[in-house]
$ cat work06.pdb   # PDB, C-alpha atoms, pLDDT in the B column
ATOM      1  CA  MET I   3     129.964 113.775 115.425  1.00 53.00           C
ATOM      2  CA  MET I   4     132.780 111.625 116.814  1.00 60.00           C
ATOM      3  CA  SER I   5     134.418 109.302 114.285  1.00 78.00           C
ATOM      4  CA  LEU I   6     134.356 105.619 115.224  1.00 90.00           C
ATOM      5  CA  ALA I   7     137.363 103.356 114.752  1.00 94.00           C
ATOM      6  CA  HIS I   8     135.089 100.334 114.323  1.00 97.00           C
ATOM      7  CA  ASN I   9     131.482  99.617 113.474  1.00 98.00           C
ATOM      8  CA  GLN I  10     129.602  99.122 116.736  1.00 98.00           C
ATOM      9  CA  VAL I  11     127.169  96.194 117.040  1.00 98.00           C
ATOM     10  CA  ILE I  12     124.971  96.829 120.088  1.00 98.00           C
ATOM     11  CA  ALA I  13     122.310  94.502 121.492  1.00 98.00           C
ATOM     12  CA  LEU I  14     119.363  96.730 122.362  1.00 98.00           C
ATOM     13  CA  GLN I  15     117.358  93.716 123.484  1.00 98.00           C
ATOM     14  CA  VAL I  16     118.240  90.030 123.580  1.00 98.00           C
ATOM     15  CA  GLY I  17     115.522  87.917 122.008  1.00 97.00           C
ATOM     16  CA  TYR I  18     113.732  84.985 123.617  1.00 96.00           C
ATOM     17  CA  SER I  19     111.260  82.227 122.808  1.00 95.00           C
ATOM     18  CA  TYR I  20     109.657  79.635 125.066  1.00 91.00           C
ATOM     19  CA  LYS I  21     106.424  77.741 125.579  1.00 89.00           C
ATOM     20  CA  ASP I  22     103.708  79.659 127.383  1.00 87.00           C
ATOM     21  CA  ALA I  23     103.174  78.158 130.844  1.00 88.00           C
ATOM     22  CA  SER I  24      99.399  78.630 130.761  1.00 89.00           C
ATOM     23  CA  ASP I  25      98.859  77.254 127.241  1.00 90.00           C
ATOM     24  CA  PRO I  26     101.122  74.477 125.916  1.00 83.00           C
ATOM     25  CA  THR I  27      99.968  75.203 122.356  1.00 88.00           C
ATOM     26  CA  ALA I  28     101.172  78.831 122.547  1.00 90.00           C
ATOM     27  CA  MET I  29     104.611  80.444 122.428  1.00 89.00           C
ATOM     28  CA  ARG I  30     106.094  83.538 124.062  1.00 93.00           C
ATOM     29  CA  ALA I  31     108.622  85.176 121.745  1.00 95.00           C
ATOM     30  CA  ASN I  32     110.279  88.446 120.889  1.00 97.00           C
ATOM     31  CA  CYS I  33     113.230  89.084 118.642  1.00 98.00           C
ATOM     32  CA  SER I  34     116.778  90.171 119.232  1.00 98.00           C
ATOM     33  CA  CYS I  35     116.864  93.890 118.413  1.00 98.00           C
ATOM     34  CA  THR I  36     120.251  95.193 117.304  1.00 98.00           C
ATOM     35  CA  LEU I  37     121.702  98.641 116.691  1.00 98.00           C
ATOM     36  CA  ILE I  38     124.614  99.158 114.305  1.00 98.00           C
ATOM     37  CA  ARG I  39     126.493 102.427 114.661  1.00 98.00           C
ATOM     38  CA  CYS I  40     128.566 102.601 111.484  1.00 98.00           C
ATOM     39  CA  ARG I  41     131.913 104.327 111.120  1.00 97.00           C
ATOM     40  CA  ASP I  42     130.425 106.712 108.559  1.00 96.00           C
ATOM     41  CA  GLY I  43     127.731 107.876 111.005  1.00 97.00           C
ATOM     42  CA  THR I  44     124.904 105.713 109.643  1.00 97.00           C
ATOM     43  CA  ASN I  45     122.628 104.259 112.316  1.00 98.00           C
ATOM     44  CA  ILE I  46     120.928 100.977 111.443  1.00 98.00           C
ATOM     45  CA  ILE I  47     118.371  99.062 113.481  1.00 98.00           C
ATOM     46  CA  VAL I  48     117.870  95.363 112.765  1.00 98.00           C
ATOM     47  CA  ASP I  49     114.533  93.789 113.802  1.00 98.00           C
ATOM     48  CA  THR I  50     112.157  96.088 115.642  1.00 98.00           C
ATOM     49  CA  LEU I  51     110.302  93.949 118.228  1.00 98.00           C
ATOM     50  CA  THR I  52     106.497  93.696 118.402  1.00 98.00           C
ATOM     51  CA  ALA I  53     103.983  96.468 117.741  1.00 98.00           C
ATOM     52  CA  TRP I  54     103.418  96.752 121.511  1.00 98.00           C
ATOM     53  CA  ASP I  55     107.066  97.675 122.189  1.00 98.00           C
ATOM     54  CA  GLY I  56     107.171 101.217 120.806  1.00 98.00           C
ATOM     55  CA  GLU I  57     107.804 103.073 124.048  1.00 98.00           C
ATOM     56  CA  HIS I  58     110.204 100.375 125.211  1.00 98.00           C
ATOM     57  CA  LEU I  59     112.213 100.629 122.005  1.00 98.00           C
ATOM     58  CA  LYS I  60     112.358 104.407 122.315  1.00 98.00           C
ATOM     59  CA  SER I  61     113.838 103.983 125.799  1.00 98.00           C
ATOM     60  CA  LEU I  62     116.394 101.471 124.538  1.00 98.00           C
ATOM     61  CA  LEU I  63     117.527 103.940 121.886  1.00 98.00           C
ATOM     62  CA  ALA I  64     117.580 106.791 124.412  1.00 98.00           C
ATOM     63  CA  ALA I  65     120.002 104.762 126.512  1.00 98.00           C
ATOM     64  CA  GLN I  66     122.332 104.920 123.493  1.00 98.00           C
ATOM     65  CA  GLY I  67     121.831 108.671 123.135  1.00 98.00           C
ATOM     66  CA  LEU I  68     119.551 108.295 120.112  1.00 98.00           C
ATOM     67  CA  GLU I  69     115.992 109.132 119.114  1.00 98.00           C
ATOM     68  CA  VAL I  70     113.896 107.323 116.519  1.00 98.00           C
ATOM     69  CA  ASN I  71     114.644 110.054 113.951  1.00 98.00           C
ATOM     70  CA  ASP I  72     118.365 109.289 114.261  1.00 98.00           C
ATOM     71  CA  ILE I  73     117.874 105.889 112.627  1.00 98.00           C
ATOM     72  CA  ASN I  74     118.821 105.981 108.940  1.00 98.00           C
ATOM     73  CA  VAL I  75     118.123 102.393 107.864  1.00 98.00           C
ATOM     74  CA  VAL I  76     115.637  99.816 109.165  1.00 98.00           C
ATOM     75  CA  VAL I  77     116.258  96.144 108.389  1.00 98.00           C
ATOM     76  CA  CYS I  78     113.909  93.326 109.319  1.00 98.00           C
ATOM     77  CA  THR I  79     115.451  89.922 108.697  1.00 98.00           C
ATOM     78  CA  HIS I  80     112.015  88.582 107.762  1.00 97.00           C
ATOM     79  CA  ALA I  81     108.383  89.621 107.943  1.00 96.00           C
ATOM     80  CA  HIS I  82     107.202  87.827 111.091  1.00 97.00           C
ATOM     81  CA  THR I  83     105.478  90.245 113.444  1.00 96.00           C
ATOM     82  CA  ASP I  84     107.956  89.953 116.323  1.00 96.00           C
ATOM     83  CA  HIS I  85     110.633  91.304 113.954  1.00 98.00           C
ATOM     84  CA  THR I  86     108.702  94.135 112.267  1.00 98.00           C
ATOM     85  CA  GLY I  87     106.342  95.540 114.889  1.00 98.00           C
ATOM     86  CA  CYS I  88     107.908  98.962 115.492  1.00 98.00           C
ATOM     87  CA  ASN I  89     108.853  99.848 111.913  1.00 98.00           C
ATOM     88  CA  TYR I  90     106.216 102.597 112.093  1.00 97.00           C
ATOM     89  CA  LEU I  91     108.450 104.577 114.474  1.00 98.00           C
ATOM     90  CA  PHE I  92     111.137 105.202 111.875  1.00 98.00           C
ATOM     91  CA  GLN I  93     109.434 107.473 109.374  1.00 97.00           C
ATOM     92  CA  LYS I  94     112.569 109.593 108.856  1.00 97.00           C
ATOM     93  CA  ALA I  95     114.685 106.597 107.795  1.00 98.00           C
ATOM     94  CA  ARG I  96     115.933 106.747 104.219  1.00 96.00           C
ATOM     95  CA  LEU I  97     115.386 103.036 103.695  1.00 96.00           C
ATOM     96  CA  HIS I  98     113.210 100.240 105.086  1.00 98.00           C
ATOM     97  CA  ILE I  99     114.093  96.646 104.232  1.00 97.00           C
ATOM     98  CA  VAL I 100     111.865  93.713 105.191  1.00 97.00           C
ATOM     99  CA  GLY I 101     113.341  90.455 103.962  1.00 95.00           C
ATOM    100  CA  SER I 102     114.004  90.870 100.257  1.00 89.00           C
ATOM    101  CA  CYS I 103     111.700  93.913  99.951  1.00 95.00           C
ATOM    102  CA  ALA I 104     113.178  97.434 100.108  1.00 96.00           C
ATOM    103  CA  SER I 105     111.142 100.632 100.147  1.00 96.00           C
ATOM    104  CA  LYS I 106     110.989 104.335 100.888  1.00 95.00           C
ATOM    105  CA  ARG I 107     107.441 105.504 101.433  1.00 94.00           C
ATOM    106  CA  ASP I 108     105.494 104.089  98.444  1.00 95.00           C
ATOM    107  CA  LEU I 109     108.570 103.445  96.265  1.00 96.00           C
ATOM    108  CA  TYR I 110     109.780  99.826  96.108  1.00 96.00           C
ATOM    109  CA  PHE I 111     113.117  98.845  94.582  1.00 94.00           C
ATOM    110  CA  GLU I 112     115.921  96.286  94.626  1.00 88.00           C
ATOM    111  CA  HIS I 113     117.742  96.578  97.920  1.00 85.00           C
ATOM    112  CA  PRO I 114     121.383  97.643  97.987  1.00 80.00           C
ATOM    113  CA  SER I 115     124.020  95.270  99.311  1.00 89.00           C
ATOM    114  CA  ALA I 116     126.079  97.875 101.150  1.00 96.00           C
ATOM    115  CA  LEU I 117     124.196  99.812 103.823  1.00 97.00           C
ATOM    116  CA  ASP I 118     127.091 102.152 104.662  1.00 97.00           C
ATOM    117  CA  THR I 119     129.457 104.236 102.539  1.00 95.00           C
ATOM    118  CA  HIS I 120     132.519 102.159 103.499  1.00 96.00           C
ATOM    119  CA  GLY I 121     131.007  98.920 102.186  1.00 97.00           C
ATOM    120  CA  GLU I 122     131.532  97.236 105.558  1.00 98.00           C
ATOM    121  CA  VAL I 123     127.868  96.612 106.417  1.00 98.00           C
ATOM    122  CA  LEU I 124     126.290  94.303 103.875  1.00 98.00           C
ATOM    123  CA  LEU I 125     122.873  92.780 103.327  1.00 97.00           C
ATOM    124  CA  GLU I 126     122.780  89.148 102.194  1.00 96.00           C
ATOM    125  CA  GLU I 127     119.958  86.786 101.352  1.00 96.00           C
ATOM    126  CA  THR I 128     119.903  83.837 103.759  1.00 98.00           C
ATOM    127  CA  PRO I 129     116.730  81.870 102.932  1.00 97.00           C
ATOM    128  CA  GLY I 130     115.455  79.008 105.029  1.00 97.00           C
ATOM    129  CA  HIS I 131     113.385  80.093 108.021  1.00 97.00           C
ATOM    130  CA  THR I 132     111.432  82.005 105.386  1.00 97.00           C
ATOM    131  CA  LEU I 133     112.363  82.058 101.732  1.00 97.00           C
ATOM    132  CA  ASP I 134     113.019  85.812 101.770  1.00 95.00           C
ATOM    133  CA  CYS I 135     115.108  85.940 104.966  1.00 97.00           C
ATOM    134  CA  VAL I 136     118.122  88.243 104.964  1.00 97.00           C
ATOM    135  CA  SER I 137     121.085  88.758 107.282  1.00 98.00           C
ATOM    136  CA  VAL I 138     123.246  91.796 107.946  1.00 98.00           C
ATOM    137  CA  ILE I 139     126.994  91.160 107.797  1.00 98.00           C
ATOM    138  CA  VAL I 140     129.049  93.729 109.717  1.00 98.00           C
ATOM    139  CA  HIS I 141     132.803  93.806 109.081  1.00 98.00           C
ATOM    140  CA  ASN I 142     135.390  95.721 111.110  1.00 98.00           C
ATOM    141  CA  THR I 143     133.465  95.594 114.376  1.00 98.00           C
ATOM    142  CA  GLN I 144     134.430  96.416 117.943  1.00 97.00           C
ATOM    143  CA  LEU I 145     134.463  92.657 118.594  1.00 96.00           C
ATOM    144  CA  GLY I 146     137.540  92.315 116.422  1.00 95.00           C
ATOM    145  CA  GLY I 147     135.998  90.704 113.361  1.00 95.00           C
ATOM    146  CA  THR I 148     132.789  90.096 111.436  1.00 98.00           C
ATOM    147  CA  VAL I 149     129.351  89.826 113.030  1.00 98.00           C
ATOM    148  CA  GLY I 150     126.360  88.229 111.342  1.00 98.00           C
ATOM    149  CA  ILE I 151     122.952  89.515 112.471  1.00 98.00           C
ATOM    150  CA  CYS I 152     121.022  86.550 111.195  1.00 98.00           C
ATOM    151  CA  GLY I 153     117.478  86.677 112.516  1.00 97.00           C
ATOM    152  CA  ASP I 154     115.948  83.214 112.790  1.00 98.00           C
ATOM    153  CA  LEU I 155     118.529  81.550 110.573  1.00 98.00           C
ATOM    154  CA  PHE I 156     119.908  80.754 114.038  1.00 98.00           C
ATOM    155  CA  GLU I 157     117.308  80.613 116.810  1.00 97.00           C
ATOM    156  CA  ARG I 158     119.901  80.682 119.579  1.00 97.00           C
ATOM    157  CA  ARG I 159     123.337  79.214 120.321  1.00 97.00           C
ATOM    158  CA  GLU I 160     121.854  75.940 121.583  1.00 97.00           C
ATOM    159  CA  ASP I 161     120.358  75.070 118.202  1.00 97.00           C
ATOM    160  CA  ILE I 162     123.832  74.144 116.947  1.00 97.00           C
ATOM    161  CA  ASP I 163     123.748  71.180 119.345  1.00 96.00           C
ATOM    162  CA  ASP I 164     120.044  70.485 118.865  1.00 96.00           C
ATOM    163  CA  ALA I 165     118.689  71.101 115.366  1.00 95.00           C
ATOM    164  CA  LYS I 166     115.136  70.485 116.573  1.00 95.00           C
ATOM    165  CA  ILE I 167     115.221  73.983 118.086  1.00 95.00           C
ATOM    166  CA  TRP I 168     115.502  75.802 114.759  1.00 96.00           C
ATOM    167  CA  LYS I 169     113.325  73.292 112.946  1.00 95.00           C
ATOM    168  CA  MET I 170     110.487  73.575 115.465  1.00 92.00           C
ATOM    169  CA  ALA I 171     110.687  77.373 115.206  1.00 93.00           C
ATOM    170  CA  GLY I 172     109.550  76.900 111.609  1.00 94.00           C
ATOM    171  CA  SER I 173     111.525  76.487 108.415  1.00 96.00           C
ATOM    172  CA  GLU I 174     110.208  76.933 104.889  1.00 97.00           C
ATOM    173  CA  ASP I 175     113.265  75.122 103.493  1.00 97.00           C
ATOM    174  CA  GLU I 176     115.343  73.124 105.971  1.00 96.00           C
ATOM    175  CA  LYS I 177     118.037  72.190 103.439  1.00 96.00           C
ATOM    176  CA  ARG I 178     118.648  75.780 102.400  1.00 97.00           C
ATOM    177  CA  GLN I 179     118.572  76.924 105.992  1.00 97.00           C
ATOM    178  CA  ALA I 180     121.218  74.368 106.948  1.00 97.00           C
ATOM    179  CA  ASP I 181     123.370  75.456 104.006  1.00 97.00           C
ATOM    180  CA  GLU I 182     123.052  79.139 104.917  1.00 98.00           C
ATOM    181  CA  ARG I 183     123.874  78.389 108.540  1.00 98.00           C
ATOM    182  CA  GLN I 184     127.100  76.792 107.394  1.00 97.00           C
ATOM    183  CA  ARG I 185     127.910  79.680 105.057  1.00 98.00           C
ATOM    184  CA  MET I 186     127.343  82.289 107.751  1.00 98.00           C
ATOM    185  CA  SER I 187     129.419  80.273 110.217  1.00 97.00           C
ATOM    186  CA  GLN I 188     132.355  80.491 107.819  1.00 97.00           C
ATOM    187  CA  LEU I 189     131.923  84.212 107.151  1.00 97.00           C
ATOM    188  CA  CYS I 190     131.409  85.396 110.710  1.00 98.00           C
ATOM    189  CA  GLY I 191     133.213  85.366 114.033  1.00 98.00           C
ATOM    190  CA  HIS I 192     130.046  86.146 115.999  1.00 98.00           C
ATOM    191  CA  ILE I 193     126.351  85.517 115.362  1.00 98.00           C
ATOM    192  CA  VAL I 194     123.374  87.505 116.626  1.00 98.00           C
ATOM    193  CA  PRO I 195     120.566  84.913 116.550  1.00 98.00           C
ATOM    194  CA  GLY I 196     116.889  85.723 116.351  1.00 98.00           C
ATOM    195  CA  HIS I 197     115.967  84.706 119.895  1.00 98.00           C
ATOM    196  CA  GLY I 198     119.068  84.628 122.063  1.00 98.00           C
ATOM    197  CA  PRO I 199     122.280  86.453 122.972  1.00 98.00           C
ATOM    198  CA  ILE I 200     125.174  87.006 120.596  1.00 98.00           C
ATOM    199  CA  PHE I 201     127.674  84.148 120.577  1.00 98.00           C
ATOM    200  CA  ALA I 202     131.171  83.575 119.251  1.00 98.00           C
ATOM    201  CA  LEU I 203     131.926  80.855 116.729  1.00 98.00           C
ATOM    202  CA  ASP I 204     134.915  78.577 117.154  1.00 96.00           C
ATOM    203  CA  ALA I 205     136.282  75.574 115.284  1.00 97.00           C
ATOM    204  CA  GLU I 206     134.133  73.144 117.275  1.00 97.00           C
ATOM    205  CA  LEU I 207     130.870  74.958 116.558  1.00 97.00           C
ATOM    206  CA  ARG I 208     131.730  75.398 112.880  1.00 97.00           C
ATOM    207  CA  SER I 209     132.487  71.683 112.659  1.00 96.00           C
ATOM    208  CA  LYS I 210     129.109  70.797 114.185  1.00 96.00           C
ATOM    209  CA  ILE I 211     127.300  73.042 111.705  1.00 97.00           C
ATOM    210  CA  GLU I 212     129.265  71.579 108.781  1.00 95.00           C
ATOM    211  CA  ASN I 213     128.714  67.992 109.918  1.00 93.00           C
ATOM    212  CA  TYR I 214     124.966  68.588 110.093  1.00 92.00           C
ATOM    213  CA  VAL I 215     124.987  69.650 106.433  1.00 89.00           C
ATOM    214  CA  LYS I 216     127.101  66.627 105.438  1.00 82.00           C
ATOM    215  CA  LEU I 217     124.987  64.125 107.349  1.00 79.00           C
ATOM    216  CA  GLY I 218     121.674  65.761 106.527  1.00 70.00           C
ATOM    217  CA  ASP I 219     120.202  65.293 109.991  1.00 59.00           C
TER     218      ASP I 219
END
$ encode --input "work06.pdb" --output "structure tokens"
Amino acid sequence: MMSLAHNQVIALQVGYSYKDASDPTAMRANCSCTLIRCRDGTNIIVDTLTAWDGEHLKSLLAAQGLEVNDINVVVCTHAHTDHTGCNYLFQKARLHIVGSCASKRDLYFEHPSALDTHGEVLLEETPGHTLDCVSVIVHNTQLGGTVGICGDLFERREDIDDAKIWKMAGSEDEKRQADERQRMSQLCGHIVPGHGPIFALDAELRSKIENYVKLGD
């Protein structure tokens, strides 16, 4: 196995969400699905699409030279069905984490913070969208810094300019979500949001996130 100089954060599928054209009361949505190839050889998948995406997800992994049995850790940032649907594929994984719940088969336990042996891939609680939401913080990445895979803490890049986007996606605690958004923006150089492409954070975006918390709207 080739040793990696950096942890690799790979977008298997970019998430999306939009109103259904045929039914204005309905939504079309699927999550951002992310692969982390750690320097120590651990393979982690974060958010596993819907239950109808099994064959599609297998093909996405195959494009990276992997099979489902090569995945060591499964993390779902929260328990909504567009983020957990293909967990059933990964029966060889040593650990499944859904929000704040960690398990292996029928054994449930407190989840570890570090998901790799170098302590560079960390699980953190980031409540707001749901109260048990978690994010994966990946240090020493190929992007030159820290990446936060944050699920629906951030819906997509545009919700920094328009808070209605993340609020309308559902929030069990808007104040905590705003606070966690600010905290993650300070920790990370890039964010993988729940329903959009990865984006880089700069001083202007961090200032907008901070000002929202200060102003409270």
$ atom_distance --input "work06.pdb" --atom1 "atom CA of I:Arg183" --atom2 "atom CA of I:Asn89"
26.4 Å
$ residues_near_point --input "work06.pdb" --point "(115.6, 83.4, 114.0)" --cutoff "8 Å" --atoms "only C-alpha atoms" --output "ChimeraX atom specification"
/I:33,131,152-158,168,171,195-197
$ write_last_selection --input "work06.pdb" --atoms "C-alpha atoms" --output "compact mmCIF listing (two decimals), in the frame of the given file"
# COMPACT_ATOMS: atom_id res chain seq x y z
CA CYS I 33 113.23 89.08 118.64
CA HIS I 131 113.38 80.09 108.02
CA CYS I 152 121.02 86.55 111.20
CA GLY I 153 117.48 86.68 112.52
CA ASP I 154 115.95 83.21 112.79
CA LEU I 155 118.53 81.55 110.57
CA PHE I 156 119.91 80.75 114.04
CA GLU I 157 117.31 80.61 116.81
CA ARG I 158 119.90 80.68 119.58
CA TRP I 168 115.50 75.80 114.76
CA ALA I 171 110.69 77.37 115.21
CA PRO I 195 120.57 84.91 116.55
CA GLY I 196 116.89 85.72 116.35
CA HIS I 197 115.97 84.71 119.90
$ atom_distance --input "work06.pdb" --atom1 "atom CA of I:Ser105" --atom2 "atom CA of I:Gly17"
25.7 Å
$ residues_around --input "work06.pdb" --residues "I:Val70" --least-positions-apart "2" --cutoff "10 Å" --atoms "all atoms listed in the file" --output "VMD selection string"
chain I and resid 47 59 to 61 63 to 64 68 72 to 74 91 to 95
$ atom_distance --input "work06.pdb" --atom1 "atom CA of I:Gly87" --atom2 "atom CA of I:Gly198"
18.2 Å
$ closest_residue --input "work06.pdb" --among "I:Arg178, I:Arg208, I:His120, I:His192" --to "I:Arg41" --atoms "only C-alpha atoms"
I:His120
$ closest_residue --input "work06.pdb" --among "I:Ile151, I:Leu217, I:Leu109, I:Leu37" --to "I:Leu124" --atoms "all atoms listed in the file"
I:Ile151
$ resolve_selection --input "work06.pdb" --expression "the PyMOL selection byres ((chain I and resi 145) around 12)" --output "list of chain:residue names"
I:Ala7, I:His8, I:Asn9, I:Gln10, I:Val11, I:Ile12, I:Val140, I:His141, I:Asn142, I:Thr143, I:Gln144, I:Gly146, I:Gly147, I:Thr148, I:Val149, I:Gly150, I:Cys190, I:Gly191, I:His192, I:Ile193, I:Ile200, I:Phe201, I:Ala202
$ residues_around --input "work06.pdb" --residues "I:Ser102" --least-positions-apart "6" --cutoff "7 Å" --atoms "only C-alpha atoms" --output "ChimeraX atom specification"
/I:134-136
$ residues_around --input "work06.pdb" --residues "I:Leu51" --least-positions-apart "3" --cutoff "10 Å" --atoms "all atoms listed in the file" --output "count of residues only"
22
$ axis_aligned_box --input "work06.pdb" --around "stretch 163-178 of chain I" --padding-each-side "3 Å" --output "lines of an AutoDock Vina configuration file"
center_x = 116.6
center_y = 73.9
center_z = 110.9
size_x = 20.2
size_y = 12.9
size_z = 22.9
$ residues_around --input "work06.pdb" --residues "I:His113" --least-positions-apart "2" --cutoff "7 Å" --atoms "all atoms listed in the file" --output "mmCIF file with C-alpha atoms, in the frame of the given file"
data_model
loop_
_atom_site.group_PDB
_atom_site.id
_atom_site.type_symbol
_atom_site.label_atom_id
_atom_site.label_comp_id
_atom_site.auth_asym_id
_atom_site.auth_seq_id
_atom_site.Cartn_x
_atom_site.Cartn_y
_atom_site.Cartn_z
ATOM 1 C CA CYS I 103 111.700 93.913 99.951
ATOM 2 C CA ALA I 104 113.178 97.434 100.108
ATOM 3 C CA PHE I 111 113.117 98.845 94.582
ATOM 4 C CA SER I 115 124.020 95.270 99.311
#
$ residues_around --input "work06.pdb" --residues "I:Asp163" --least-positions-apart "2" --cutoff "10 Å" --atoms "all atoms listed in the file" --output "list of chain:residue names"
I:Arg159, I:Glu160, I:Asp161, I:Ala165, I:Lys166, I:Ile167, I:Leu207, I:Lys210, I:Ile211, I:Tyr214
$ closest_residue --input "work06.pdb" --among "I:Glu112, I:Glu57, I:Asp25, I:Asp181" --to "I:Val215" --atoms "all atoms listed in the file"
I:Asp181
$ closest_residue --input "work06.pdb" --among "I:Gln188, I:Ser209, I:Val76, I:Ala65" --to "I:Leu125" --atoms "all atoms listed in the file"
I:Val76
$ build_atoms --input "work06.pdb" --residues "stretch 51-68 of chain I" --atoms "N, CA, C and O atoms" --output "mmCIF file, in the frame of the given file"
data_model
loop_
_atom_site.group_PDB
_atom_site.id
_atom_site.type_symbol
_atom_site.label_atom_id
_atom_site.label_comp_id
_atom_site.auth_asym_id
_atom_site.auth_seq_id
_atom_site.Cartn_x
_atom_site.Cartn_y
_atom_site.Cartn_z
ATOM 1 N N LEU I 51 111.177 94.412 117.146
ATOM 2 C CA LEU I 51 110.302 93.949 118.228
ATOM 3 C C LEU I 51 108.839 93.900 117.779
ATOM 4 O O LEU I 51 108.548 93.947 116.583
ATOM 5 N N THR I 52 107.920 93.779 118.740
ATOM 6 C CA THR I 52 106.497 93.696 118.402
ATOM 7 C C THR I 52 105.881 95.090 118.368
ATOM 8 O O THR I 52 106.464 96.070 118.848
ATOM 9 N N ALA I 53 104.675 95.177 117.852
ATOM 10 C CA ALA I 53 103.983 96.468 117.741
ATOM 11 C C ALA I 53 103.630 97.059 119.098
ATOM 12 O O ALA I 53 103.277 98.240 119.179
ATOM 13 N N TRP I 54 103.723 96.284 120.160
ATOM 14 C CA TRP I 54 103.418 96.752 121.511
ATOM 15 C C TRP I 54 104.654 97.296 122.232
ATOM 16 O O TRP I 54 104.573 97.688 123.388
ATOM 17 N N ASP I 55 105.796 97.322 121.551
ATOM 18 C CA ASP I 55 107.066 97.675 122.189
ATOM 19 C C ASP I 55 107.572 99.063 121.820
ATOM 20 O O ASP I 55 108.749 99.366 122.035
ATOM 21 N N GLY I 56 106.710 99.920 121.288
ATOM 22 C CA GLY I 56 107.171 101.217 120.806
ATOM 23 C C GLY I 56 107.858 102.058 121.866
ATOM 24 O O GLY I 56 108.970 102.557 121.661
ATOM 25 N N GLU I 57 107.215 102.242 122.998
ATOM 26 C CA GLU I 57 107.804 103.073 124.048
ATOM 27 C C GLU I 57 109.059 102.424 124.623
ATOM 28 O O GLU I 57 110.045 103.102 124.944
ATOM 29 N N HIS I 58 109.029 101.112 124.732
ATOM 30 C CA HIS I 58 110.204 100.375 125.211
ATOM 31 C C HIS I 58 111.381 100.565 124.273
ATOM 32 O O HIS I 58 112.509 100.831 124.712
ATOM 33 N N LEU I 59 111.132 100.473 122.969
ATOM 34 C CA LEU I 59 112.213 100.629 122.005
ATOM 35 C C LEU I 59 112.755 102.055 122.029
ATOM 36 O O LEU I 59 113.977 102.270 121.923
ATOM 37 N N LYS I 60 111.882 103.027 122.186
ATOM 38 C CA LYS I 60 112.358 104.407 122.315
ATOM 39 C C LYS I 60 113.308 104.551 123.497
ATOM 40 O O LYS I 60 114.333 105.240 123.411
ATOM 41 N N SER I 61 112.981 103.887 124.611
ATOM 42 C CA SER I 61 113.838 103.983 125.799
ATOM 43 C C SER I 61 115.160 103.268 125.581
ATOM 44 O O SER I 61 116.208 103.721 126.078
ATOM 45 N N LEU I 62 115.147 102.175 124.843
ATOM 46 C CA LEU I 62 116.394 101.471 124.538
ATOM 47 C C LEU I 62 117.309 102.333 123.682
ATOM 48 O O LEU I 62 118.535 102.367 123.890
ATOM 49 N N LEU I 63 116.731 103.035 122.717
ATOM 50 C CA LEU I 63 117.527 103.940 121.886
ATOM 51 C C LEU I 63 118.030 105.124 122.701
ATOM 52 O O LEU I 63 119.184 105.561 122.545
ATOM 53 N N ALA I 64 117.174 105.653 123.582
ATOM 54 C CA ALA I 64 117.580 106.791 124.412
ATOM 55 C C ALA I 64 118.786 106.446 125.267
ATOM 56 O O ALA I 64 119.652 107.295 125.526
ATOM 57 N N ALA I 65 118.857 105.202 125.716
ATOM 58 C CA ALA I 65 120.002 104.762 126.512
ATOM 59 C C ALA I 65 121.301 104.799 125.705
ATOM 60 O O ALA I 65 122.389 104.851 126.282
ATOM 61 N N GLN I 66 121.167 104.803 124.377
ATOM 62 C CA GLN I 66 122.332 104.920 123.493
ATOM 63 C C GLN I 66 122.515 106.354 122.984
ATOM 64 O O GLN I 66 123.344 106.601 122.105
ATOM 65 N N GLY I 67 121.732 107.275 123.538
ATOM 66 C CA GLY I 67 121.831 108.671 123.135
ATOM 67 C C GLY I 67 121.165 108.972 121.807
ATOM 68 O O GLY I 67 121.492 109.972 121.159
ATOM 69 N N LEU I 68 120.197 108.147 121.413
ATOM 70 C CA LEU I 68 119.551 108.295 120.112
ATOM 71 C C LEU I 68 118.043 108.448 120.268
ATOM 72 O O LEU I 68 117.444 107.974 121.232
#
